[in-house]
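Peer 1: Input structure: my_file_27.cif, which contains mmCIF, C-alpha atoms.
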data_input
loop_
_atom_site.label_atom_id
_atom_site.label_comp_id
_atom_site.auth_asym_id
_atom_site.auth_seq_id
_atom_site.Cartn_x
_atom_site.Cartn_y
_atom_site.Cartn_z
CA MET A 1 0.00 0.00 0.00
CA ILE A 2 2.76 2.41 0.99
CA TRP A 3 4.51 1.95 -2.34
CA ARG A 4 1.37 2.86 -4.24
CA LEU A 5 1.10 6.02 -2.15
CA VAL A 6 4.73 6.83 -3.02
CA LEU A 7 3.93 6.38 -6.72
CA LEU A 8 0.77 8.47 -6.34
CA LEU A 9 2.82 11.27 -4.85
CA LEU A 10 5.38 10.95 -7.65
CA VAL A 11 2.68 11.10 -10.33
CA VAL A 12 1.02 14.14 -8.73
CA VAL A 13 4.36 15.97 -8.45
CA ALA A 14 5.22 15.04 -12.07
CA GLY A 15 1.87 16.44 -13.17
CA ALA A 16 2.32 19.63 -11.18
CA VAL A 17 5.78 20.19 -12.70
CA GLN A 18 5.14 19.13 -16.29
CA ILE A 19 1.72 20.58 -17.06
CA PRO A 20 2.75 24.26 -16.69
CA PHE A 21 5.89 23.47 -18.70
CA LEU A 22 3.84 21.89 -21.49
CA LEU A 23 1.33 24.78 -21.45
CA LYS A 24 4.23 27.19 -21.84
CA ALA A 25 5.68 25.13 -24.70
CA ARG A 26 2.25 25.43 -26.45
CA SER A 27 2.34 21.83 -27.61
CA MET A 28 -1.24 20.60 -27.42
CA ARG A 29 -0.43 17.04 -28.54
CA ASP A 30 2.29 16.62 -25.95
CA LEU A 31 -0.02 18.01 -23.26
CA VAL A 32 -2.91 15.71 -24.24
CA MET A 33 -0.67 12.61 -24.33
CA PHE A 34 0.85 13.50 -20.99
CA CYS A 35 -2.62 13.96 -19.45
CA ILE A 36 -3.75 10.63 -20.90
CA PHE A 37 -0.76 8.80 -19.43
CA LEU A 38 -1.20 10.64 -16.14
CA GLY A 39 -4.89 9.70 -16.12
CA ILE A 40 -4.18 6.03 -16.78
CA THR A 41 -1.56 5.79 -14.04
CA LEU A 42 -3.71 7.71 -11.54
CA ALA A 43 -6.75 5.55 -12.32
CA TRP A 44 -4.75 2.36 -11.95
CA LEU A 45 -3.13 3.52 -8.70
CA PHE A 46 -6.50 4.57 -7.31
CA ASN A 47 -7.96 1.20 -8.30
CA ASP A 48 -5.17 -0.54 -6.39
CA LEU A 49 -5.54 1.71 -3.34
CA VAL A 50 -9.30 1.06 -3.03
CA GLU A 51 -8.62 -2.65 -3.73
CA GLY A 52 -10.70 -2.62 -6.88
CA PRO A 53 -10.73 -5.37 -9.53
CA ASN A 54 -7.28 -6.86 -10.07
CA LEU A 55 -6.15 -5.85 -13.56
CA ARG A 56 -4.01 -8.54 -15.16
CA PRO A 57 -2.56 -7.58 -18.56
CA LEU A 58 -1.28 -11.11 -19.17
CA ASP A 59 -4.86 -12.39 -18.90
CA TRP A 60 -5.90 -9.86 -21.56
CA ILE A 61 -3.18 -11.26 -23.81
CA ARG A 62 -4.30 -14.82 -23.04
CA PHE A 63 -7.89 -13.84 -23.96
CA ALA A 64 -6.76 -12.07 -27.17
CA MET A 65 -4.60 -15.01 -28.22
CA GLU A 66 -7.37 -17.57 -27.64
CA PRO A 67 -8.71 -17.37 -31.24
CA LEU A 68 -5.12 -17.57 -32.51
CA LYS A 69 -4.23 -20.63 -30.40
CA MET A 70 -3.18 -22.58 -33.51
CA LEU A 71 -0.29 -20.11 -33.95
CA ASN A 72 1.26 -21.10 -30.60
CA PRO A 73 4.53 -22.93 -31.20
CA LYS A 74 4.54 -26.24 -29.31
CA MET B 1 24.28 20.06 -36.84
CA LYS B 2 24.28 16.36 -37.73
CA PRO B 3 22.21 14.28 -35.27
CA LYS B 4 24.33 11.99 -33.13
CA GLN B 5 24.39 8.41 -34.34
CA ILE B 6 25.21 4.96 -33.05
CA SER B 7 28.35 3.40 -34.51
CA PRO B 8 28.25 -0.16 -35.92
CA GLY B 9 30.28 -1.38 -32.95
CA GLN B 10 27.77 0.12 -30.54
CA MET B 11 24.97 -1.51 -32.56
CA LEU B 12 26.68 -4.87 -32.06
CA ILE B 13 26.95 -4.32 -28.31
CA LEU B 14 23.33 -3.17 -27.97
CA THR B 15 22.18 -6.23 -29.93
CA PHE B 16 24.33 -8.44 -27.72
CA GLY B 17 22.85 -6.87 -24.59
CA LEU B 18 19.30 -7.30 -25.86
CA THR B 19 19.90 -10.93 -26.87
CA VAL B 20 21.52 -11.95 -23.59
CA GLY B 21 19.24 -9.70 -21.47
CA THR B 22 17.21 -11.79 -19.10
CA SER B 23 17.56 -14.98 -21.14
CA ILE B 24 20.94 -15.86 -19.64
CA LEU B 25 19.22 -16.62 -16.35
CA VAL B 26 16.16 -18.64 -17.37
CA THR B 27 16.75 -20.11 -20.86
CA PRO B 28 18.43 -23.39 -19.77
CA SER B 29 15.44 -24.60 -17.74
CA GLY B 30 12.95 -23.95 -20.55
CA LEU B 31 15.10 -25.74 -23.09
CA ALA B 32 15.91 -28.62 -20.73
CA HIS B 33 12.21 -29.12 -19.95
CA VAL B 34 11.39 -29.90 -23.60
CA ALA B 35 14.64 -31.08 -25.16
CA ARG B 36 16.21 -32.73 -22.08
CA GLU B 37 19.86 -33.60 -22.77
CA ASP B 38 19.55 -32.13 -26.28
CA ALA B 39 19.00 -28.61 -24.90
CA TRP B 40 22.37 -27.62 -26.38
CA ILE B 41 21.12 -28.58 -29.87
CA ALA B 42 17.96 -26.55 -29.17
CA SER B 43 20.05 -23.50 -28.25
CA LEU B 44 22.00 -23.77 -31.50
CA PHE B 45 18.75 -24.02 -33.45
CA SER B 46 17.47 -20.97 -31.55
CA LEU B 47 20.61 -19.12 -32.67
CA PHE B 48 19.88 -20.06 -36.29
CA ILE B 49 16.25 -18.87 -36.01
CA ASN B 50 17.35 -15.57 -34.49
CA LEU B 51 19.82 -14.99 -37.34
CA LEU B 52 17.04 -15.64 -39.87
CA LEU B 53 14.78 -13.18 -38.06
CA VAL B 54 17.52 -10.54 -38.12
CA VAL B 55 17.97 -11.11 -41.87
CA LEU B 56 14.21 -10.51 -42.27
CA TYR B 57 14.47 -7.25 -40.29
CA ILE B 58 17.45 -6.15 -42.39
CA ILE B 59 15.49 -6.88 -45.59
CA LEU B 60 12.63 -4.73 -44.27
CA SER B 61 15.08 -2.00 -43.32
CA ARG B 62 16.63 -2.02 -46.81
CA MET B 63 13.22 -1.86 -48.47
CA TYR B 64 12.51 1.32 -46.45
CA PRO B 65 15.91 2.95 -45.89
CA GLY B 66 16.15 5.40 -43.01
CA LYS B 67 12.81 4.35 -41.52
CA ASN B 68 12.36 2.74 -38.12
CA LEU B 69 9.81 0.02 -37.26
CA PHE B 70 6.94 2.47 -36.68
CA GLU B 71 7.63 4.41 -39.87
CA ILE B 72 7.81 1.14 -41.83
CA ASN B 73 4.39 0.13 -40.45
CA GLU B 74 2.87 3.36 -41.80
CA ALA B 75 4.77 3.21 -45.09
CA VAL B 76 3.53 -0.32 -45.80
CA MET B 77 0.04 -0.38 -44.31
CA GLY B 78 -0.98 3.24 -44.73
CA LYS B 79 -1.29 5.93 -42.07
CA TRP B 80 -4.10 4.64 -39.84
CA LEU B 81 -3.58 0.89 -40.16
CA GLY B 82 0.15 1.51 -39.68
CA LYS B 83 -0.51 3.46 -36.48
CA LEU B 84 -2.76 0.66 -35.23
CA LEU B 85 0.01 -1.85 -35.91
CA SER B 86 2.48 0.40 -34.11
CA LEU B 87 0.12 0.58 -31.11
CA LEU B 88 0.12 -3.23 -31.00
CA TYR B 89 3.91 -3.16 -30.86
CA LEU B 90 3.88 -0.45 -28.18
CA PHE B 91 1.55 -2.56 -26.02
CA TYR B 92 3.84 -5.58 -26.55
CA PHE B 93 6.88 -3.54 -25.48
CA LEU B 94 5.02 -2.17 -22.43
CA ILE B 95 3.92 -5.56 -21.15
CA LEU B 96 7.35 -7.04 -21.89
CA THR B 97 9.11 -4.27 -19.94
CA GLY B 98 6.77 -4.67 -16.97
CA THR B 99 7.16 -8.45 -16.93
CA LEU B 100 10.95 -8.20 -17.14
CA LEU B 101 10.94 -5.70 -14.27
CA GLY B 102 8.83 -8.14 -12.27
CA ASN B 103 11.32 -10.89 -13.09
CA LEU B 104 14.19 -8.71 -11.86
CA GLY B 105 12.50 -7.98 -8.55
CA PHE B 106 11.50 -11.61 -8.06
CA PHE B 107 15.00 -12.94 -8.72
CA LEU B 108 16.84 -10.46 -6.50
CA THR B 109 14.40 -10.77 -3.60
CA SER B 110 14.13 -14.56 -3.78
CA GLU B 111 17.83 -15.38 -4.29
CA MET B 112 19.91 -12.51 -2.92
CA MET B 113 17.98 -10.12 -0.69
CA PRO B 114 14.91 -11.90 0.68
CA GLU B 115 14.11 -9.27 3.30
CA THR B 116 14.16 -6.35 0.86
CA PRO B 117 10.74 -5.28 -0.48
CA ILE B 118 10.45 -6.19 -4.15
CA GLU B 119 9.10 -2.71 -4.89
CA ALA B 120 12.28 -1.08 -3.58
CA VAL B 121 14.49 -3.16 -5.89
CA GLN B 122 12.32 -2.37 -8.90
CA ILE B 123 12.10 1.37 -8.17
CA ILE B 124 15.86 1.73 -7.71
CA PHE B 125 16.53 -0.08 -10.96
CA LEU B 126 13.93 2.00 -12.73
CA LEU B 127 15.61 5.21 -11.54
CA ALA B 128 18.69 4.21 -13.57
CA ALA B 129 16.48 3.42 -16.56
CA ILE B 130 14.75 6.81 -16.22
CA MET B 131 18.13 8.57 -16.29
CA CYS B 132 19.06 6.63 -19.39
CA ALA B 133 15.74 7.46 -21.07
CA ARG B 134 16.28 11.18 -20.38
CA LEU B 135 19.81 11.12 -21.78
CA GLY B 136 18.95 9.18 -24.94
CA THR B 137 20.03 6.30 -27.13
CA VAL B 138 23.56 7.50 -27.89
CA ILE B 139 24.39 7.73 -24.18
CA LEU B 140 22.99 4.21 -23.65
CA ALA B 141 25.20 3.00 -26.52
CA ARG B 142 28.27 4.59 -24.91
CA VAL B 143 27.45 3.13 -21.47
CA SER B 144 27.01 -0.28 -23.10
CA GLN B 145 30.45 0.11 -24.68
CA LEU B 146 31.90 0.68 -21.21
CA MET B 147 30.06 -2.33 -19.75
CA PHE B 148 30.82 -4.72 -22.61
CA PRO B 149 34.46 -5.63 -21.75
CA TRP B 150 33.44 -6.30 -18.14
CA ILE B 151 30.58 -8.56 -19.28
CA VAL B 152 32.93 -10.56 -21.51
CA VAL B 153 35.72 -10.85 -18.90
CA LEU B 154 33.33 -11.87 -16.12
CA PHE B 155 31.66 -14.39 -18.43
CA LEU B 156 35.05 -15.91 -19.29
CA ILE B 157 35.90 -16.18 -15.57
CA LEU B 158 32.56 -17.92 -14.99
CA VAL B 159 33.12 -20.38 -17.85
CA LEU B 160 36.75 -21.15 -16.96
CA ALA B 161 35.86 -21.70 -13.30
CA LEU B 162 33.15 -24.20 -14.29
CA LEU B 163 35.27 -26.25 -16.68
CA PRO B 164 36.73 -28.56 -13.96
CA GLN B 165 33.20 -29.61 -12.97
CA ILE B 166 32.02 -30.81 -16.36
CA GLU B 167 30.64 -34.36 -16.51
CA TRP B 168 30.45 -35.38 -20.17
CA ASN B 169 28.01 -38.22 -19.40
CA HIS B 170 25.33 -35.63 -18.57
CA ILE B 171 24.91 -34.85 -22.26
CA LYS B 172 24.12 -38.45 -23.20
CA PRO B 173 22.06 -39.85 -24.78
CA VAL B 174 22.11 -37.57 -27.82
CA LEU B 175 18.85 -37.23 -29.78
CA GLU B 176 17.21 -40.05 -27.83
CA ALA B 177 13.71 -38.69 -28.61
CA GLY B 178 14.64 -37.71 -32.17
CA PRO B 179 15.28 -34.23 -33.64
CA LEU B 180 11.78 -32.83 -33.06
CA PRO B 181 11.97 -31.91 -29.33
CA PRO B 182 15.19 -29.84 -29.64
CA LEU B 183 13.85 -28.13 -32.78
CA GLN B 184 10.57 -27.28 -31.03
CA ALA B 185 12.39 -26.08 -27.92
CA GLY B 186 14.82 -24.01 -30.00
CA TYR B 187 12.05 -22.30 -31.94
CA HIS B 188 10.11 -21.62 -28.73
CA SER B 189 13.22 -20.13 -27.13
CA ALA B 190 13.92 -17.91 -30.16
CA MET B 191 10.60 -16.13 -29.52
CA PHE B 192 12.03 -14.68 -26.30
CA GLN B 193 14.88 -12.62 -27.81
CA GLU B 194 12.73 -9.69 -29.06
CA LEU B 195 15.28 -8.52 -31.63
CA ILE B 196 12.56 -6.53 -33.44
CA VAL B 197 13.21 -3.79 -30.87
CA LEU B 198 16.46 -2.97 -32.64
CA LEU B 199 14.58 -2.17 -35.85
CA VAL B 200 13.65 1.04 -34.01
CA PHE B 201 17.34 1.96 -33.64
CA LEU B 202 18.87 0.55 -36.84
CA PRO B 203 18.17 3.77 -38.83
CA MET B 204 20.05 5.69 -36.10
CA SER B 205 23.16 3.68 -36.79
CA SER B 206 25.83 5.01 -39.12
CA GLY B 207 27.80 2.90 -41.56
CA GLY B 208 24.95 1.36 -43.60
CA LYS B 209 25.93 -2.27 -44.17
CA LYS B 210 28.38 -2.15 -41.26
CA ALA B 211 25.46 -1.41 -38.95
CA GLU B 212 23.60 -4.40 -40.36
CA ALA B 213 26.73 -6.49 -39.80
CA GLY B 214 26.76 -5.21 -36.23
CA PHE B 215 23.12 -6.26 -35.84
CA LEU B 216 23.90 -9.77 -37.13
CA GLY B 217 27.17 -9.99 -35.20
CA GLY B 218 25.56 -8.97 -31.93
CA THR B 219 22.84 -11.59 -32.40
CA LEU B 220 25.43 -14.26 -33.14
CA LEU B 221 27.60 -13.29 -30.17
CA GLY B 222 24.68 -13.07 -27.75
CA ALA B 223 23.19 -16.36 -28.90
CA MET B 224 26.62 -18.03 -28.58
CA PHE B 225 26.85 -16.81 -24.98
CA LEU B 226 23.43 -18.31 -24.30
CA ALA B 227 24.37 -21.57 -26.00
CA ILE B 228 27.53 -21.84 -23.85
CA VAL B 229 25.46 -21.25 -20.70
CA VAL B 230 22.96 -23.93 -21.75
CA VAL B 231 25.73 -26.45 -22.50
CA LEU B 232 27.41 -25.76 -19.16
CA SER B 233 24.10 -26.04 -17.31
CA ILE B 234 23.59 -29.54 -18.72
CA LEU B 235 27.21 -30.66 -18.33
CA VAL B 236 27.71 -29.37 -14.78
CA LEU B 237 24.26 -29.50 -13.16
CA GLY B 238 22.83 -32.43 -15.05
CA ILE B 239 19.41 -32.55 -16.65
CA GLU B 240 17.24 -32.84 -13.53
CA GLN B 241 18.69 -29.82 -11.74
CA ALA B 242 18.91 -27.77 -14.94
CA GLU B 243 15.25 -28.45 -15.70
CA ASN B 244 13.84 -27.97 -12.22
CA ALA B 245 15.82 -24.93 -11.04
CA THR B 246 13.94 -21.64 -11.33
CA PHE B 247 17.21 -19.89 -12.21
CA PRO B 248 19.53 -22.65 -13.43
CA THR B 249 22.37 -20.30 -14.37
CA TYR B 250 22.40 -18.95 -10.82
CA ALA B 251 22.47 -22.52 -9.51
CA LEU B 252 25.35 -23.12 -11.95
CA ALA B 253 27.33 -20.16 -10.62
CA LYS B 254 26.81 -21.38 -7.05
CA THR B 255 28.57 -24.65 -7.87
CA ILE B 256 31.88 -22.91 -8.67
CA ASN B 257 34.52 -24.24 -6.33
CA VAL B 258 38.15 -24.01 -7.44
CA GLY B 259 40.58 -25.57 -4.97
CA ASN B 260 38.14 -24.94 -2.09
CA PHE B 261 39.32 -21.35 -2.37
CA LEU B 262 37.48 -19.69 -5.23
CA GLN B 263 33.84 -19.96 -4.16
CA ARG B 264 30.59 -17.96 -4.00
CA LEU B 265 31.14 -16.40 -7.42
CA GLU B 266 27.42 -16.07 -8.16
CA GLY B 267 27.94 -12.33 -7.75
CA ILE B 268 29.74 -12.46 -11.12
CA LEU B 269 26.63 -13.82 -12.78
CA ILE B 270 24.45 -11.20 -11.09
CA THR B 271 26.76 -8.46 -12.39
CA ILE B 272 26.59 -9.78 -15.96
CA TRP B 273 22.84 -10.14 -15.73
CA ILE B 274 22.22 -6.67 -14.26
CA CYS B 275 24.34 -5.07 -17.02
CA THR B 276 22.60 -6.88 -19.89
CA PHE B 277 19.21 -6.47 -18.24
CA PHE B 278 19.79 -2.71 -17.95
CA ILE B 279 20.60 -2.55 -21.69
CA LYS B 280 17.44 -4.49 -22.56
CA ILE B 281 15.08 -2.49 -20.33
CA SER B 282 16.57 0.82 -21.51
CA LEU B 283 16.20 -0.18 -25.18
CA LEU B 284 12.56 -1.09 -24.59
CA TYR B 285 11.98 2.20 -22.75
CA LEU B 286 13.55 4.25 -25.55
CA ALA B 287 11.70 2.23 -28.20
CA LEU B 288 8.40 3.00 -26.45
CA LEU B 289 9.20 6.72 -26.38
CA LYS B 290 10.17 6.70 -30.06
CA GLY B 291 7.00 4.80 -30.91
CA LEU B 292 4.78 7.25 -29.05
CA GLU B 293 6.58 10.15 -30.74
CA LYS B 294 5.91 8.69 -34.19
CA VAL B 295 2.37 7.39 -33.65
CA PHE B 296 1.01 10.54 -31.99
CA GLY B 297 3.24 13.11 -33.69
CA LEU B 298 4.75 14.38 -30.45
CA THR B 299 7.51 16.99 -30.38
CA ASP B 300 9.15 15.95 -27.12
CA THR B 301 8.52 12.70 -25.26
CA ARG B 302 10.58 13.53 -22.17
CA SER B 303 7.45 14.56 -20.27
CA LEU B 304 6.16 10.98 -20.65
CA ILE B 305 9.20 9.39 -18.99
CA THR B 306 7.95 9.59 -15.39
CA PRO B 307 4.34 8.44 -15.97
CA MET B 308 5.67 5.65 -18.16
CA ALA B 309 8.03 4.51 -15.40
CA VAL B 310 5.07 4.37 -12.98
CA LEU B 311 3.14 2.39 -15.60
CA PHE B 312 6.03 -0.09 -15.87
CA LEU B 313 5.91 -0.65 -12.13
CA LEU B 314 2.15 -1.14 -12.14
CA VAL B 315 2.41 -3.60 -15.03
CA ALA B 316 5.23 -5.42 -13.17
CA TRP B 317 3.12 -5.68 -9.99
CA HIS B 318 0.13 -6.96 -11.94
CA THR B 319 1.91 -9.36 -14.30
CA TYR B 320 4.53 -11.01 -12.08
CA ILE B 321 1.98 -12.07 -9.48
CA ASN B 322 3.69 -15.39 -8.79
CA THR B 323 6.02 -17.75 -10.66
CA VAL B 324 3.35 -20.38 -11.32
CA TYR B 325 1.08 -17.84 -13.05
CA VAL B 326 3.92 -16.37 -15.13
CA ALA B 327 5.34 -19.79 -16.02
CA ASP B 328 1.90 -20.90 -17.23
CA ILE B 329 1.50 -17.80 -19.42
CA ILE B 330 5.03 -18.16 -20.83
CA GLN B 331 4.51 -21.82 -21.60
CA ARG B 332 1.04 -21.55 -23.18
CA VAL B 333 0.57 -18.01 -24.50
CA TRP B 334 3.64 -15.78 -24.68
CA ALA B 335 5.54 -17.62 -27.45
CA GLY B 336 2.53 -17.37 -29.79
CA TYR B 337 1.99 -13.71 -28.89
CA ALA B 338 5.68 -12.92 -29.41
CA GLN B 339 5.73 -14.89 -32.67
CA LEU B 340 3.04 -12.56 -34.01
CA HIS B 341 5.26 -9.50 -33.42
CA LEU B 342 8.66 -11.03 -34.17
CA LEU B 343 7.90 -13.13 -37.24
CA LEU B 344 4.39 -12.98 -38.67
CA ILE B 345 3.85 -9.21 -38.80
CA PRO B 346 7.37 -8.40 -40.13
CA LEU B 347 6.99 -11.19 -42.71
CA ALA B 348 3.61 -9.77 -43.78
CA LEU B 349 5.13 -6.27 -44.01
CA ALA B 350 7.99 -7.58 -46.16
CA VAL B 351 5.64 -9.47 -48.48
CA VAL B 352 3.23 -6.51 -48.84
CA GLY B 353 6.21 -4.21 -49.44
CA LEU B 354 7.62 -6.52 -52.12
CA VAL B 355 4.25 -6.80 -53.86
CA ARG B 356 3.79 -3.01 -53.84
CA THR B 357 7.30 -2.50 -55.24
CA TRP B 358 6.63 -5.06 -57.98
CA VAL B 359 3.27 -3.48 -58.88
CA ALA B 360 4.84 0.00 -58.92
CA LYS B 361 7.64 -1.22 -61.22
CA ARG B 362 5.14 -2.83 -63.59
CA ARG B 363 3.07 0.35 -63.77
CA LYS B 364 6.23 2.35 -64.42
CA GLY B 365 7.20 -0.07 -67.16
CA GLN B 366 3.74 0.18 -68.77
CA LYS B 367 3.81 4.00 -68.64
CA ALA B 368 7.23 4.01 -70.33
CA LEU B 369 5.86 2.07 -73.32
CA PRO B 370 4.83 4.29 -76.30
#
What does this structure look like when you write it as structure tokens?

Peer 2:
Amino acid sequence: MIWRLVLLLLVVVAGAVQIPFLLKARSMRDLVMFCIFLGITLAWLFNDLVEGPNLRPLDWIRFAMEPLKMLNPK
Amino acid sequence: MKPKQISPGQMLILTFGLTVGTSILVTPSGLAHVAREDAWIASLFSLFINLLLVVLYIILSRMYPGKNLFEINEAVMGKWLGKLLSLLYLFYFLILTGTLLGNLGFFLTSEMMPETPIEAVQIIFLLAAIMCARLGTVILARVSQLMFPWIVVLFLILVLALLPQIEWNHIKPVLEAGPLPPLQAGYHSAMFQELIVLLVFLPMSSGGKKAEAGFLGGTLLGAMFLAIVVVLSILVLGIEQAENATFPTYALAKTINVGNFLQRLEGILITIWICTFFIKISLLYLALLKGLEKVFGLTDTRSLITPMAVLFLLVAWHTYINTVYVADIIQRVWAGYAQLHLLLIPLALAVVGLVRTWVAKRRKGQKALP
């Protein structure tokens, strides 16, 4: 739990530092991408902190590869 | 001012680092599980497959000179389909980086520092990777050049110290189950080298064909290192221990005992592994940043470094849940998933590219006719 709080703090500080810098640089794409990444990491951290559903990317890959099972080398 | 480039020698070293990467620690058990005593034949076949894959990537690179993987995707498949393909690769690189980070933490906390929180190990390592990502590819190439002699010397010490413990009977019988198991194991193992990552950096390399030679040479050198480790694992540990150990190369290093004096040299292996692992993780990190820059048309990706590092950690914590779960995924799913990105998609890109070139030439020829 403590480690997720550390990461949350890091992400918030990164946001506070970078967003004004990106606004000053007048690069809308960079700002939007940064906000998207920030949003994803904050959402995931928040999900972990409130003990929400356990997200498992390897299970997503397993599900996506299910129709392509014949491609799996033996 | 001319942009800084990677020399062919640096390309060789980066390829070597990527090939050896994490594989040096875990490859012997996977090969031994399927091929048994013929794991050494499997590792040689894996080397051959990797060289063929690199030739494919070089062919793609020559068809689209000066373009990296993401630019080739768009050049072949069109803007939007190309971007979608690039996003698939970016997701692959992201999950791979997170899983490798999880592997690092698991190994160090299970074998060396059991009382240290796994998160601490991963965060400290990631700090070095963040620094590397901020400084760029050329700096990574120079650091790799500094690390390379140490990796080679330490590896030679490891090999020489293990030679007195070789039992040649451990490698018998040869091809008892026929050639199919080692060929299957070798192909499966080749899907864990991820050499496609270097197609992102090949255009950055100077020297044209010398860079391609560096790419091939690094693959050959790295795969030879892995093959030597696999052979030694079988000859020294025997098949049962090589197959059942979670980290057989670490178990191998622990057996070093020269004159009851030179012992506990597993630190040498850890040093080699950390160096090559750092090269691999940094290359993946930089490849992700380059990919995002190309796909989304960004001017500067440095702002994404910190959130991406946090994302790596989250992926690591949610992929490397336990060894049984990861081993199951690697055995049943990952090779097929990797095969898609390492072989099938590049092959499709090469074929589509060749067909388009042929059609364009025919049209040009028809237009030239009176």

Peer 1: Kindly give the distance, in Å, that separates CA of Ala253 (chain B) and CA of Leu108 (chain B), rounded to a single decimal.

Peer 2: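 CA of Ala253 (chain B) sits 14.9 Å away from CA of Leu108 (chain B).
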
Peer 1: Taking only C-alpha atoms into account, which residues of chain A are within 9 Å of chain B, as JSON, numbers by chain?

Peer 2: {"A": [3, 4, 7, 8, 10, 11, 14, 15, 18, 19, 22, 27, 29, 30, 31, 33, 34, 37, 38, 40, 41, 44, 45, 54, 55, 56, 57, 58, 59, 61, 62, 65, 66, 68, 69, 70, 71, 72, 73, 74]}

Peer 1: Since we have the selection now, will you write its residues out, keeping C-alpha atoms, as a compact mmCIF listing (two decimals), in the frame of the given file?

Peer 2:
# COMPACT_ATOMS: atom_id res chain seq x y z
CA TRP A 3 4.51 1.95 -2.34
CA ARG A 4 1.37 2.86 -4.24
CA LEU A 7 3.93 6.38 -6.72
CA LEU A 8 0.77 8.47 -6.34
CA LEU A 10 5.38 10.95 -7.65
CA VAL A 11 2.68 11.10 -10.33
CA ALA A 14 5.22 15.04 -12.07
CA GLY A 15 1.87 16.44 -13.17
CA GLN A 18 5.14 19.13 -16.29
CA ILE A 19 1.72 20.58 -17.06
CA LEU A 22 3.84 21.89 -21.49
CA SER A 27 2.34 21.83 -27.61
CA ARG A 29 -0.43 17.04 -28.54
CA ASP A 30 2.29 16.62 -25.95
CA LEU A 31 -0.02 18.01 -23.26
CA MET A 33 -0.67 12.61 -24.33
CA PHE A 34 0.85 13.50 -20.99
CA PHE A 37 -0.76 8.80 -19.43
CA LEU A 38 -1.20 10.64 -16.14
CA ILE A 40 -4.18 6.03 -16.78
CA THR A 41 -1.56 5.79 -14.04
CA TRP A 44 -4.75 2.36 -11.95
CA LEU A 45 -3.13 3.52 -8.70
CA ASN A 54 -7.28 -6.86 -10.07
CA LEU A 55 -6.15 -5.85 -13.56
CA ARG A 56 -4.01 -8.54 -15.16
CA PRO A 57 -2.56 -7.58 -18.56
CA LEU A 58 -1.28 -11.11 -19.17
CA ASP A 59 -4.86 -12.39 -18.90
CA ILE A 61 -3.18 -11.26 -23.81
CA ARG A 62 -4.30 -14.82 -23.04
CA MET A 65 -4.60 -15.01 -28.22
CA GLU A 66 -7.37 -17.57 -27.64
CA LEU A 68 -5.12 -17.57 -32.51
CA LYS A 69 -4.23 -20.63 -30.40
CA MET A 70 -3.18 -22.58 -33.51
CA LEU A 71 -0.29 -20.11 -33.95
CA ASN A 72 1.26 -21.10 -30.60
CA PRO A 73 4.53 -22.93 -31.20
CA LYS A 74 4.54 -26.24 -29.31

Peer 1: Could you jot down the CA of Ala32 (chain B) to CA of Tyr57 (chain B) separation for me, Å, one decimal place?

Peer 2: 29.0 Å

Peer 1: With the PyMOL selection byres ((chain B and resi 174) around 12) as the selection, what would be picked from this file? Answer as a PyMOL selection string, please.

Peer 2: chain B and resi 35-42+168-173+175-179+181-182

Peer 1: If you measure from CA of Pro8 (chain B) to CA of Ile196 (chain B), what distance in Å do you get, rounded to one decimal?

Peer 2: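 Between CA of Pro8 (chain B) and CA of Ile196 (chain B) the gap works out to 17.1 Å.
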
Peer 1: Restricting the calculation to only C-alpha atoms: of A:Ile36, A:Leu23, A:Leu49, A:Leu42, which residue gets closest to Met1 (chain A)?

Peer 2: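 Using only C-alpha atoms, the shortest distance to Met1 (chain A) belongs to A:Leu49.
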
Peer 1: Each residue of region 2-27 of chain B with at least one atom at most 12 Å from region 205-215 of chain B should appear once, together with its nearest atom pair and the corresponding distance in Å (one decimal); atoms considered: all atoms listed in the file; ordering: chain, then increasing residue number; output as a Markdown table.

Peer 2:
| residue | atom | partner | partner_atom | distance |
| --- | --- | --- | --- | --- |
| B:Lys2 | CA | B:Ser206 | CA | 11.5 |
| B:Pro3 | CA | B:Ser206 | CA | 10.7 |
| B:Lys4 | CA | B:Ser205 | CA | 9.2 |
| B:Gln5 | CA | B:Ser205 | CA | 5.5 |
| B:Ile6 | CA | B:Ser205 | CA | 4.5 |
| B:Ser7 | CA | B:Ser206 | CA | 5.5 |
| B:Pro8 | CA | B:Ala211 | CA | 4.3 |
| B:Gly9 | CA | B:Gly214 | CA | 6.1 |
| B:Gln10 | CA | B:Gly214 | CA | 7.9 |
| B:Met11 | CA | B:Gly214 | CA | 5.5 |
| B:Leu12 | CA | B:Gly214 | CA | 4.2 |
| B:Ile13 | CA | B:Gly214 | CA | 8.0 |
| B:Leu14 | CA | B:Phe215 | CA | 8.5 |
| B:Thr15 | CA | B:Phe215 | CA | 6.0 |
| B:Phe16 | CA | B:Phe215 | CA | 8.5 |
| B:Gly17 | CA | B:Phe215 | CA | 11.3 |
| B:Leu18 | CA | B:Phe215 | CA | 10.7 |
| B:Thr19 | CA | B:Phe215 | CA | 10.6 |

Peer 1: Counting only C-alpha atoms, figure out which residue out of B:Met63, B:Leu283, B:Leu235, B:Leu101 gets nearest to Glu167 (chain B).

Peer 2: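 Among the listed residues, B:Leu235 lies closest to Glu167 (chain B).
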